[in-house]
Amino acid sequence: MLIVACSLAPGAAATAGPAESLSEKFAYCQDCHGPNGQGYRGFYPIPRLAGQQTQYIENQLRAFLERRRKNAIMLNVAHGLHGNMAAALAARFNAAKVAPIGGAPQTLAAQGKDIFDHGIPEKDVAACAACHGPAAQGTGEIPRLAGQLYEYVVFKLVNWSKERGQIASQPDTSLIMEPVAHSLSRSEAQAVAAYVSSLR
Amino acid sequence: MRSRLAEALLIAAASTILFAGLASPAGAEDPAIGNCTWCHGGGAQGYLPAPRLAGQQRAYLRAQLERFRMHGRDAPASIQFMWAAAENLSDGRMRALTDYLAALDTKPAMDGNPALEGRGRDIYQNGVADENIVACVACHGPHATGVGAIPRLDGLSHSYLVRRLTDWQNGYNRAGATPMPHIAGNLSPDQIDALSSYLSNTRYAGAAR
């Protein structure tokens with residue numbers, strides 16, 4: 001079996017079966033998330049994981065399992081991660097360095113930067129930078145947005161309450177975003193997405 | 001500009017005739033391209049071993065013709081039939097041809113094993129996480145209609161689907177095909193049979209996007 005050659009591929013040979021081999025599981029993640037974790041435009045936008053916060057990745061994988069976050073594909077994927085594999089995969093993606101894949105409408109980026117840096121005071125939308133950081137690098141369970149796929153960010157923002165925070169008795173960090181996502185118009189979401197998708 | 005437009009229109013008309021299987025002066029005078037219908041069928045619905053082209057994603061068709069030109073598609077059937085055909089295809093004719101093909105209506109091949117459809121559907125929609133097999137649906141879509149350079153798969157023939165997946169396993173067609181060579185490498189012969197049966201017996205009635 002050939003493991004996709006890439007700058008992230010570890011040198012260690014796999015000795016365990018496919019489900020237990022970290023290298024093979026990592027290659028499986030890369031099948032959809034891109035050979036360098038840069039994200040991929042499939043039928044659905046598949047998010048960038050390169051440089052993503054490890055705690056964010058681990059929390060999302062738990063959220064799929066616990067059905068706090070609704071996603072049929074990732075629910076199955078999360079079920080296939082055993083032992084400390086989630087943490088190990090998160091660390092590999094966090095260490096990946098690759099340029100954004102681009103493709104966002106750049107005419108929107110200036111408005112997006114303004115929203116990102118200053119929020120929309122008249123709509124009670126806080127500055128994205130307050131939590132995601134001035135360079136959109138994220139921290140802990142708050143995700144990095146820099147370089148994220150434009151289509152993915154738009155889709156998440158307009159669809160937030162339908163897929164995040166799905167178990168009322170188990171509130172998580174997605175609760176912070178709920179009112180923000182609700183307040184943003186589609187065009188404002190597109191502007192913010194265009195801006196963050198271009199950041200390195 | 002005007003003459004290029006006229007040429008494109010002429011080519012589009014010629015392509016239509018080429019695929020309608022009628023006597024075509026343009027086709028007859030162009031032995032380099034030959035007649036696509038000889039292998040792909042009069043309605044471009046495919047004929048062993050050539051795949052159905054009707055209704056396929058336009059960007060996918062263009063990308064594959066480009067890969068035949070660059071010899072990135074290097075399986076035996078590709079070398080034998082498609083290298084010369086693609087090499088002699090002008091850019092204008094390629095655009096007209098792919099526009100024409102993408103707009104054609106499709107028929108499912110229906111040559112899969114119906115008993116395997118359920119298993120094939122499960123692999124397609126859910127993947128097999130414990131075997132590191134990704135869900136096809138993520139890229140090819142819930143109805144296998146593909147998008148952009150990602151091909152439509154619904155209704156393609158069982159034999160063609162099996163061959164493409166096993167060609168990757170055997171080391172062919174790797175250039176420019178990421179991530180499919182790796183994905184195909186994780187599939188067993190039984191899984192390939194099931195997936196191909198499901199897809200060949202499926203037809204999405206709505207419009208592909």
# chains A, B, ... in the order shown; residues from 1 in each chain; ligands from 1
call {"tool": "residues_around", "arguments": {"residues": "Asn201 in chain B", "least_positions_apart": "6", "cutoff": "9 Å", "atoms": "only C-alpha atoms", "output": "ChimeraX atom specification"}}
result
/B:108-114,117,154-158
call {"tool": "residues_around", "arguments": {"residues": "range 69-78 of chain B", "least_positions_apart": "2", "cutoff": "8 Å", "atoms": "only C-alpha atoms", "output": "VMD selection string"}}
result
chain B and resid 64 to 67 80 to 84 86 to 87 167 172 to 176
call {"tool": "write_last_selection", "arguments": {"atoms": "N, CA, C and O atoms", "output": "short mmCIF file (atom, residue, chain, number, x, y, z; two decimals), in the first residue's frame"}}
result
data_model
loop_
_atom_site.label_atom_id
_atom_site.label_comp_id
_atom_site.auth_asym_id
_atom_site.auth_seq_id
_atom_site.Cartn_x
_atom_site.Cartn_y
_atom_site.Cartn_z
N GLN B 64 -9.29 15.38 -17.75
CA GLN B 64 -8.83 14.06 -18.19
C GLN B 64 -8.22 14.11 -19.57
O GLN B 64 -7.20 13.46 -19.84
N LEU B 65 -8.83 14.88 -20.48
CA LEU B 65 -8.24 15.00 -21.82
C LEU B 65 -6.83 15.59 -21.70
O LEU B 65 -5.90 15.17 -22.40
N GLU B 66 -6.69 16.54 -20.79
CA GLU B 66 -5.37 17.14 -20.54
C GLU B 66 -4.40 16.09 -19.98
O GLU B 66 -3.23 16.04 -20.37
N ARG B 67 -4.91 15.24 -19.11
CA ARG B 67 -4.04 14.20 -18.52
C ARG B 67 -3.67 13.13 -19.57
O ARG B 67 -2.58 12.57 -19.51
N GLN B 80 -3.45 3.02 -25.37
CA GLN B 80 -3.86 2.44 -26.65
C GLN B 80 -4.87 3.33 -27.38
O GLN B 80 -4.76 3.54 -28.58
N PHE B 81 -5.85 3.83 -26.62
CA PHE B 81 -6.96 4.50 -27.29
C PHE B 81 -6.94 6.03 -27.18
O PHE B 81 -7.37 6.72 -28.08
N MET B 82 -6.51 6.53 -26.03
CA MET B 82 -6.78 7.94 -25.76
C MET B 82 -5.60 8.90 -25.95
O MET B 82 -5.81 10.09 -26.12
N TRP B 83 -4.37 8.39 -25.92
CA TRP B 83 -3.24 9.32 -26.04
C TRP B 83 -3.26 10.06 -27.38
O TRP B 83 -3.15 11.28 -27.42
N ALA B 84 -3.39 9.31 -28.45
CA ALA B 84 -3.38 9.95 -29.77
C ALA B 84 -4.61 10.82 -29.95
O ALA B 84 -4.53 11.93 -30.48
N ALA B 86 -6.35 12.45 -27.73
CA ALA B 86 -6.26 13.71 -26.98
C ALA B 86 -5.17 14.62 -27.54
O ALA B 86 -5.32 15.83 -27.58
N GLU B 87 -4.09 14.01 -27.98
CA GLU B 87 -2.96 14.80 -28.48
C GLU B 87 -3.35 15.64 -29.69
O GLU B 87 -2.86 16.74 -29.87
N ASP B 167 -6.85 -0.18 -11.55
CA ASP B 167 -5.70 0.45 -12.23
C ASP B 167 -4.87 1.26 -11.23
O ASP B 167 -3.64 1.23 -11.26
N TYR B 172 -1.13 2.49 -11.95
CA TYR B 172 -1.37 3.36 -13.11
C TYR B 172 -2.07 4.66 -12.71
O TYR B 172 -2.69 4.74 -11.65
N ASN B 173 -2.03 5.62 -13.60
CA ASN B 173 -2.86 6.83 -13.51
C ASN B 173 -2.63 7.66 -12.25
O ASN B 173 -3.52 8.38 -11.79
N ARG B 174 -1.42 7.58 -11.70
CA ARG B 174 -1.21 8.24 -10.41
C ARG B 174 -1.00 9.75 -10.54
O ARG B 174 -1.45 10.51 -9.70
N ALA B 175 -0.30 10.16 -11.60
CA ALA B 175 0.02 11.59 -11.72
C ALA B 175 -1.25 12.43 -11.81
O ALA B 175 -2.11 12.17 -12.65
N GLY B 176 -1.35 13.40 -10.93
CA GLY B 176 -2.49 14.32 -10.97
C GLY B 176 -3.78 13.74 -10.46
O GLY B 176 -4.84 14.32 -10.66
#
call {"tool": "select_by_dssp", "arguments": {"residues": "range 91-200 of chain A", "states": "alpha helix (DSSP H)", "output": "NGL selection string"}}
result
:A and (91-95 or 109-118 or 128-132 or 150-163 or 174-183 or 186-198)
call {"tool": "residues_around", "arguments": {"residues": "range 178-186 of chain B", "least_positions_apart": "2", "cutoff": "8 Å", "atoms": "only C-alpha atoms", "output": "JSON, numbers by chain"}}
result
{"A": [1, 2, 3, 4, 28, 31, 32, 34, 35], "B": [131, 132, 133, 134, 165, 166, 168, 169, 171, 173, 174, 175, 176, 188]}
call {"tool": "interface_residues", "arguments": {"of": "chain A", "to": "chain B", "cutoff": "12 Å", "atoms": "only C-alpha atoms", "output": "number ranges by chain"}}
result
A: 1-6, 17-36, 39-47, 71-82
call {"tool": "closest_residue", "arguments": {"among": "A:Gly103, A:Lys123, A:Arg144, A:Lys70", "to": "Ile57 in chain A", "atoms": "only C-alpha atoms"}}
result
A:Arg144
call {"tool": "closest_residue", "arguments": {"among": "A:Glu141, A:Ala127, A:Ala136, A:Ala95", "to": "Arg62 in chain A", "atoms": "only C-alpha atoms"}}
result
A:Glu141
call {"tool": "closest_residue", "arguments": {"among": "A:Cys131, A:Ala88, A:Leu149, A:Leu49", "to": "Gly119 in chain A", "atoms": "only C-alpha atoms"}}
result
A:Cys131
call {"tool": "closest_residue", "arguments": {"among": "A:Lys97, A:Lys113, A:Arg69, A:Arg92", "to": "Ser198 in chain A", "atoms": "only C-alpha atoms"}}
result
A:Lys113
call {"tool": "atom_distance", "arguments": {"atom1": "CA of Pro134 in chain A", "atom2": "CA of Asp172 in chain A"}}
result
22.9 Å
